[in-house]
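Content type compact mmCIF, C-alpha atoms, from the file start.txt:
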```
# COMPACT_ATOMS: atom_id res chain seq x y z
CA MET S 65 2.04 21.31 3.32
CA ASP S 66 -0.42 20.38 0.55
CA GLU S 67 1.41 22.16 -2.27
CA LEU S 68 5.00 22.10 -3.52
CA GLU S 69 6.51 24.53 -6.02
CA PHE S 70 8.92 22.72 -8.32
CA GLY S 71 10.14 23.87 -11.69
CA GLY S 72 7.78 26.84 -11.64
CA GLN S 73 4.78 24.56 -11.18
CA ILE S 74 2.56 24.02 -8.17
CA ARG S 75 2.30 20.31 -7.47
CA ARG S 76 -0.20 18.63 -5.20
CA PRO S 77 0.71 15.46 -3.32
CA ASP S 78 -0.62 12.01 -2.72
CA VAL S 79 -1.25 12.10 1.01
CA ARG S 80 -0.79 9.15 3.34
CA ARG S 81 -3.02 9.41 6.39
CA LEU S 82 -2.89 7.49 9.64
CA TYR S 83 -5.64 5.03 8.74
CA ASP S 84 -3.76 4.13 5.53
CA LEU S 85 -1.12 2.65 7.85
CA ASN S 86 -3.49 0.91 10.28
CA ASP S 87 -1.99 -2.51 9.64
CA VAL S 88 1.63 -1.48 10.31
CA ILE S 89 1.29 0.71 13.43
CA CYS S 90 2.99 -0.63 16.55
CA ASP S 91 0.93 1.12 19.25
CA LYS S 92 -2.53 -0.39 18.70
CA ALA S 93 -3.96 1.03 21.95
CA TRP S 94 -3.08 4.55 20.82
CA LEU S 95 -4.33 3.86 17.29
CA ALA S 96 -7.77 2.80 18.55
CA LYS S 97 -8.36 6.33 19.89
CA ALA S 98 -6.50 8.37 17.27
CA GLU S 99 -8.05 10.53 14.55
CA ASN S 100 -7.16 10.09 10.90
CA PHE S 101 -4.56 12.84 10.45
CA PRO S 102 -2.07 13.30 7.56
CA LEU S 103 1.30 11.61 8.02
CA TYR S 104 3.34 12.37 4.90
CA TYR S 105 3.14 13.85 1.43
CA MET S 106 4.41 12.29 -1.82
CA TYR S 107 5.06 14.41 -4.90
CA ARG S 108 5.65 12.04 -7.80
CA ASP S 109 7.12 12.49 -11.25
CA LEU S 110 8.73 15.91 -10.78
CA TYR S 111 10.84 17.81 -13.30
CA LEU S 112 12.29 21.30 -13.58
CA SER S 113 11.64 21.83 -17.30
CA LYS S 114 9.87 20.35 -20.30
CA ALA S 115 13.23 19.06 -21.54
CA ASP S 116 13.80 17.30 -18.22
CA LYS S 117 10.32 15.77 -18.38
CA ASP S 118 11.00 14.38 -21.84
CA ARG S 119 14.38 13.06 -20.74
CA LEU S 120 12.90 11.31 -17.70
CA MET S 121 10.16 9.75 -19.80
CA ASP S 122 12.60 8.61 -22.48
CA GLN S 123 14.82 7.02 -19.84
CA ASP S 124 11.95 5.37 -17.93
CA LEU S 125 13.15 7.22 -14.85
CA ARG S 126 11.09 8.96 -12.17
CA TYR S 127 12.10 11.67 -9.68
CA ASP S 128 9.92 12.11 -6.58
CA ILE S 129 9.95 14.11 -3.37
CA THR S 130 8.46 12.96 -0.07
CA ILE S 131 7.89 15.23 2.93
CA ILE S 132 7.42 13.77 6.42
CA PRO S 133 6.68 16.30 9.19
CA PRO S 134 7.66 15.34 12.75
CA LYS S 135 4.86 13.41 14.50
CA MET S 136 4.40 10.60 16.96
CA LEU S 137 2.30 7.52 16.36
CA GLY S 138 1.75 6.84 20.00
CA ARG S 139 5.16 5.60 21.20
CA GLU S 140 6.38 5.08 17.64
CA TYR S 141 8.03 7.72 15.46
CA VAL S 142 6.30 8.71 12.25
CA LYS S 143 7.19 6.48 9.30
CA THR S 144 6.26 5.44 5.79
CA ALA S 145 4.12 2.36 5.18
CA GLY S 146 7.01 0.22 3.94
CA HIS S 147 7.25 -1.61 0.64
CA TYR S 148 9.21 -3.95 -1.58
CA HIS S 149 9.86 -3.68 -5.31
CA PRO S 150 9.03 -6.24 -8.00
CA GLN S 151 11.61 -8.23 -9.92
CA ALA S 152 13.39 -6.33 -12.68
CA PRO S 153 12.96 -7.74 -16.21
CA GLY S 154 15.81 -9.99 -17.21
CA ALA S 155 17.11 -10.19 -13.65
CA SER S 156 16.66 -12.56 -10.74
CA VAL S 157 16.47 -9.65 -8.27
CA SER S 158 14.15 -6.72 -7.71
CA TYR S 159 14.52 -3.07 -8.67
CA PRO S 160 16.64 -0.89 -6.33
CA GLU S 161 15.96 2.74 -5.39
CA LEU S 162 18.17 5.75 -4.68
CA TYR S 163 17.25 8.31 -2.01
CA GLU S 164 18.67 11.70 -1.11
CA VAL S 165 17.94 13.61 2.10
CA LEU S 166 17.26 17.23 1.14
CA GLU S 167 16.29 18.57 4.57
CA GLY S 168 16.11 17.16 8.08
CA GLU S 169 17.13 13.69 9.21
CA ALA S 170 16.03 10.24 8.10
CA LEU S 171 16.32 6.76 9.46
CA TYR S 172 16.03 4.03 6.83
CA LEU S 173 15.05 0.54 7.97
CA LEU S 174 15.91 -2.13 5.39
CA GLN S 175 15.19 -5.85 5.47
CA ASN S 176 15.71 -8.46 2.80
CA LYS S 177 13.00 -10.82 1.64
CA ASP S 178 14.41 -13.95 3.23
CA LEU S 179 14.77 -12.16 6.59
CA SER S 180 18.47 -12.96 6.86
CA ASP S 181 19.44 -9.28 7.18
CA ALA S 182 18.04 -6.11 8.73
CA VAL S 183 19.83 -2.78 8.45
CA VAL S 184 19.35 0.70 9.87
CA ILE S 185 20.93 3.68 8.09
CA TYR S 186 21.00 7.15 9.66
CA ALA S 187 21.10 9.96 7.12
CA SER S 188 21.00 13.75 7.28
CA ALA S 189 20.79 16.53 4.68
CA GLY S 190 23.09 15.79 1.76
CA ASP S 191 23.32 12.05 2.41
CA ARG S 192 22.23 9.45 -0.14
CA VAL S 193 20.91 5.99 0.61
CA LEU S 194 20.70 3.13 -1.87
CA VAL S 195 18.03 0.51 -1.27
CA PRO S 196 19.51 -2.68 -2.77
CA PRO S 197 17.57 -5.29 -4.73
CA ASP S 198 15.34 -7.63 -2.69
CA TYR S 199 15.25 -5.29 0.31
CA GLY S 200 12.04 -3.81 1.63
CA HIS S 201 12.30 -0.46 3.33
CA VAL S 202 10.63 1.93 5.74
CA THR S 203 11.64 5.57 6.27
CA VAL S 204 11.35 7.05 9.77
CA ASN S 205 11.51 10.67 10.88
CA ARG S 206 12.79 10.45 14.45
CA SER S 207 13.71 14.13 14.71
CA ASN S 208 11.74 17.24 15.59
CA LYS S 209 12.33 18.68 12.11
CA THR S 210 10.50 18.10 8.84
CA LEU S 211 12.15 15.47 6.66
CA LYS S 212 12.29 16.19 2.93
CA MET S 213 13.79 13.53 0.70
CA SER S 214 13.94 12.78 -3.01
CA ASN S 215 14.31 9.54 -4.90
CA PHE S 216 15.21 8.17 -8.30
CA VAL S 217 13.49 4.96 -9.32
CA ALA S 218 12.67 3.10 -12.53
CA ARG S 219 9.32 4.31 -13.79
CA ARG S 220 7.61 1.13 -14.94
CA PHE S 221 6.63 -0.71 -11.79
CA SER S 222 4.38 -0.43 -8.75
CA SER S 223 5.61 -0.83 -5.19
CA ILE S 224 4.48 -3.89 -3.23
CA TYR S 225 2.99 -3.01 0.18
CA GLU S 226 1.24 -6.26 1.08
CA PRO S 227 4.14 -8.08 2.81
CA PHE S 228 4.50 -5.30 5.37
CA LYS S 229 0.74 -5.13 5.90
CA GLU S 230 0.49 -8.89 6.39
CA MET S 231 3.25 -8.87 9.01
CA GLY S 232 2.06 -5.76 10.81
CA GLY S 233 5.06 -3.65 9.80
CA ALA S 234 8.79 -4.16 9.44
CA THR S 235 10.86 -6.52 11.59
CA TYR S 236 11.57 -3.59 13.91
CA PHE S 237 9.58 -0.61 15.13
CA CYS S 238 11.42 2.63 15.97
CA THR S 239 9.96 3.80 19.29
CA THR S 240 10.74 6.10 22.19
CA GLU S 241 12.13 3.00 23.94
CA GLY S 242 14.43 2.20 21.02
CA PHE S 243 14.06 -0.48 18.36
CA VAL S 244 11.34 -2.96 19.26
CA GLU S 245 11.08 -6.35 17.55
CA ASN S 246 7.90 -7.16 15.63
CA LYS S 247 6.97 -10.54 17.10
CA LYS S 248 4.74 -11.45 14.14
CA TYR S 249 7.83 -12.42 12.15
CA PRO S 250 8.94 -16.07 12.32
CA ARG S 251 12.56 -14.95 12.43
CA ILE S 252 14.07 -11.56 13.19
CA PRO S 253 17.68 -10.89 12.19
CA GLU S 254 19.88 -8.79 14.42
CA LEU S 255 19.59 -5.15 13.43
CA ARG S 256 22.92 -3.84 12.22
CA ARG S 257 23.92 -0.26 11.49
CA VAL S 258 25.39 0.88 8.18
CA ASP S 259 26.65 4.43 7.69
CA ALA S 260 25.41 6.61 4.86
CA PRO S 261 27.90 6.31 1.97
CA ASP S 262 31.13 8.28 2.11
CA SER S 263 32.75 10.00 -0.88
CA ARG S 264 34.23 6.74 -2.18
CA LYS S 265 30.91 4.92 -2.20
CA LEU S 266 29.15 7.95 -3.65
CA LYS S 267 31.57 8.01 -6.56
CA ALA S 268 30.65 4.41 -7.38
CA LEU S 269 27.02 5.55 -7.54
CA GLY S 270 27.85 8.39 -9.91
CA LEU S 271 27.39 10.92 -7.12
CA THR S 272 29.52 13.70 -5.67
CA LYS S 273 29.28 14.83 -2.06
CA GLY S 274 27.68 18.26 -1.78
CA LYS S 275 25.94 18.10 -5.17
CA GLU S 276 22.27 17.19 -5.46
CA MET S 277 21.48 14.06 -7.45
CA TYR S 278 18.76 15.56 -9.69
CA PRO S 279 21.22 16.40 -12.54
CA LEU S 280 22.14 12.70 -12.76
CA MET S 281 19.16 12.22 -15.06
CA LYS S 282 21.24 13.87 -17.77
CA ASP S 283 23.73 11.01 -17.51
CA VAL S 284 21.43 8.02 -17.31
CA GLU S 285 24.33 5.59 -17.84
CA SER S 286 25.51 6.47 -14.34
CA LEU S 287 22.15 5.17 -13.05
CA ASP S 288 22.25 1.90 -14.97
CA TYR S 289 22.16 -0.01 -11.66
CA LEU S 290 18.56 1.18 -11.17
CA PHE S 291 17.45 -0.55 -14.37
CA HIS S 292 19.79 -3.56 -14.60
CA PRO S 293 20.47 -4.49 -10.98
CA GLY S 294 21.66 -8.00 -11.80
CA GLU S 295 24.71 -6.52 -13.52
CA HIS S 296 25.74 -4.44 -10.48
CA MET S 297 25.47 -6.79 -7.50
CA ASP S 298 29.01 -5.98 -6.32
CA LEU S 299 27.95 -2.35 -6.00
CA PHE S 300 25.01 -3.24 -3.76
CA THR S 301 27.11 -5.57 -1.65
CA GLU S 302 29.68 -2.81 -1.12
CA PHE S 303 26.98 -0.35 -0.10
CA LEU S 304 25.64 -2.61 2.66
CA GLN S 305 29.02 -3.22 4.23
CA GLY S 306 29.42 -1.49 7.57
```
Show me this structure written as structure tokens.
Amino acid sequence: MDELEFGGQIRRPDVRRLYDLNDVICDKAWLAKAENFPLYYMYRDLYLSKADKDRLMDQDLRYDITIIPPKMLGREYVKTAGHYHPQAPGASVSYPELYEVLEGEALYLLQNKDLSDAVVIYASAGDRVLVPPDYGHVTVNRSNKTLKMSNFVARRFSSIYEPFKEMGGATYFCTTEGFVENKKYPRIPELRRVDAPDSRKLKALGLTKGKEMYPLMKDVESLDYLFHPGEHMDLFTEFLQG
């Protein structure tokens, strides 16, 4: 799992291990006895050709792949650490992010900064999920298959992990008993389900059902919402409607 062939190149990942997520694990009794094993693999800044690399750099866009094998964290399903994004320049909201499930199944847990909304989105191969501005997010692999997903995100920022660490995880943990509230939060909104976008919503994102999103980098105008989120708030509102 350490290497990924992409564009004729062998790429090595940044690896997140169990102890990197110590602060956000639900099952502390299990964690106290667990060894520090790999959880997931992040392959950042991928491209299929030199021309694609130049195009991505020129557009301040980044394409990544993350692979999450099926594992259990005690009674909790394997997940990412969770993070928010910083505020986009010239906007009053943060950068969004666009995901695509390439293989397997994903469960995306989203929560906004003021804790007025929490959303779960179930997605399978071919589905895309848009993380709106001002929403933090955690990805969960609840299946017995390896999850492989890609993302497009603006290049010039670093993700913010501290809020999830400080609160011991997201507002909800995905466990074998279902969704369990994280009692460290002062308020926990009701968790609502939103479907992965249908063909109509995909079209608004510049996407077509059945076609991978990687070629979108050749039409960066269709991804303007990733760079100028304040100008596309109606799009994000539409996406989060059930």
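Taking all atoms listed in the file, the non-local environment of S:Val183 within 8 Å (same-chain residues fewer than 6 positions away omitted) comprises Tyr172, Leu173, Leu174, Gln175, Leu255, Arg256, Arg257 and Val258 of chain S.
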Computed gap from atom CA of S:Val157 to atom CA of S:Tyr236 is 23.5 Å
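With all atoms listed in the file as the basis for measurement, S:Val284 is the residue among S:Val284, S:Leu271, S:Asn208, S:Tyr148 that approaches S:Asp122 most closely.
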Find the axis-aligned box for stretch 230-233 of chain S, covering all its listed atoms and adding 3 Å on each side, and write its centre and edge lengths in Å to one decimal as JSON.
```
{"center_x": 2.8, "center_y": -6.3, "center_z": 8.6, "size_x": 10.6, "size_y": 11.2, "size_z": 10.4}
```
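Shortest atom-to-atom contact with S:Leu266 among S:Phe303, S:Tyr107, S:Tyr249, S:Tyr278: S:Phe303, counting all atoms listed in the file.
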Point (21.3, 9.0, 10.9) neighbourhood (9 Å, only C-alpha atoms) written as a PyMOL selection string: chain S and resi 169-172+184-188+259-260
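Each of S:Ile74, S:Leu299, S:Ala145, S:Val88 was checked against S:Pro196 using all atoms listed in the file; the smallest atom-to-atom distance is that of S:Leu299.
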May I have the residues within 10 Å of S:Gln151 as a ChimeraX atom specification, using all atoms listed in the file and disregarding those fewer than 4 positions away in the same chain? /S:155-160,197-198,221,293
For S:Leu85: contacts at 9 Å, all atoms listed in the file, fewer than 5 positions along chain excluded, given as a PyMOL selection string: chain S and resi 80+144-145+229
With all atoms listed in the file as the atoms that count, which of S:Arg108, S:Lys273, S:Arg220, S:His292 lies nearest to S:Ile129? S:Arg108
If we count only C-alpha atoms and set the cut-off at 12 Å, which residues sit around S:Val142, ignoring sequence neighbours fewer than 6 positions away in its own chain? Please answer as a PDB file with C-alpha atoms, in the coordinates of the input.
```
ATOM      1  CA  ARG S  80      -0.790   9.150   3.340  1.00  0.00           C
ATOM      2  CA  ARG S  81      -3.020   9.410   6.390  1.00  0.00           C
ATOM      3  CA  LEU S  82      -2.890   7.490   9.640  1.00  0.00           C
ATOM      4  CA  LEU S  85      -1.120   2.650   7.850  1.00  0.00           C
ATOM      5  CA  VAL S  88       1.630  -1.480  10.310  1.00  0.00           C
ATOM      6  CA  ILE S  89       1.290   0.710  13.430  1.00  0.00           C
ATOM      7  CA  CYS S  90       2.990  -0.630  16.550  1.00  0.00           C
ATOM      8  CA  ASP S  91       0.930   1.120  19.250  1.00  0.00           C
ATOM      9  CA  PHE S 101      -4.560  12.840  10.450  1.00  0.00           C
ATOM     10  CA  PRO S 102      -2.070  13.300   7.560  1.00  0.00           C
ATOM     11  CA  LEU S 103       1.300  11.610   8.020  1.00  0.00           C
ATOM     12  CA  TYR S 104       3.340  12.370   4.900  1.00  0.00           C
ATOM     13  CA  ILE S 131       7.890  15.230   2.930  1.00  0.00           C
ATOM     14  CA  ILE S 132       7.420  13.770   6.420  1.00  0.00           C
ATOM     15  CA  PRO S 133       6.680  16.300   9.190  1.00  0.00           C
ATOM     16  CA  PRO S 134       7.660  15.340  12.750  1.00  0.00           C
ATOM     17  CA  LYS S 135       4.860  13.410  14.500  1.00  0.00           C
ATOM     18  CA  MET S 136       4.400  10.600  16.960  1.00  0.00           C
ATOM     19  CA  ALA S 170      16.030  10.240   8.100  1.00  0.00           C
ATOM     20  CA  LEU S 171      16.320   6.760   9.460  1.00  0.00           C
ATOM     21  CA  VAL S 202      10.630   1.930   5.740  1.00  0.00           C
ATOM     22  CA  THR S 203      11.640   5.570   6.270  1.00  0.00           C
ATOM     23  CA  VAL S 204      11.350   7.050   9.770  1.00  0.00           C
ATOM     24  CA  ASN S 205      11.510  10.670  10.880  1.00  0.00           C
ATOM     25  CA  ARG S 206      12.790  10.450  14.450  1.00  0.00           C
ATOM     26  CA  SER S 207      13.710  14.130  14.710  1.00  0.00           C
ATOM     27  CA  ASN S 208      11.740  17.240  15.590  1.00  0.00           C
ATOM     28  CA  LYS S 209      12.330  18.680  12.110  1.00  0.00           C
ATOM     29  CA  THR S 210      10.500  18.100   8.840  1.00  0.00           C
ATOM     30  CA  LEU S 211      12.150  15.470   6.660  1.00  0.00           C
ATOM     31  CA  PHE S 237       9.580  -0.610  15.130  1.00  0.00           C
ATOM     32  CA  CYS S 238      11.420   2.630  15.970  1.00  0.00           C
ATOM     33  CA  THR S 239       9.960   3.800  19.290  1.00  0.00           C
ATOM     34  CA  THR S 240      10.740   6.100  22.190  1.00  0.00           C
TER      35      THR S 240
END
```
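Among S:Lys117, S:Arg251, S:His201, S:His296, the residue with the shortest atom-to-atom distance to S:Leu269, counting all atoms listed in the file, is S:His296.
Of the listed residues S:Ala152, S:Leu125, S:Leu95, S:Ile252, the one whose atoms come nearest to S:Ala182 is S:Ile252, with distances taken using all atoms listed in the file.
Atom CA of S:Ala268 sits 20.3 Å away from atom CA of S:Gln123.
Atom pair atom CA of S:Met277 / atom CA of S:Tyr111: separated by 12.7 Å.
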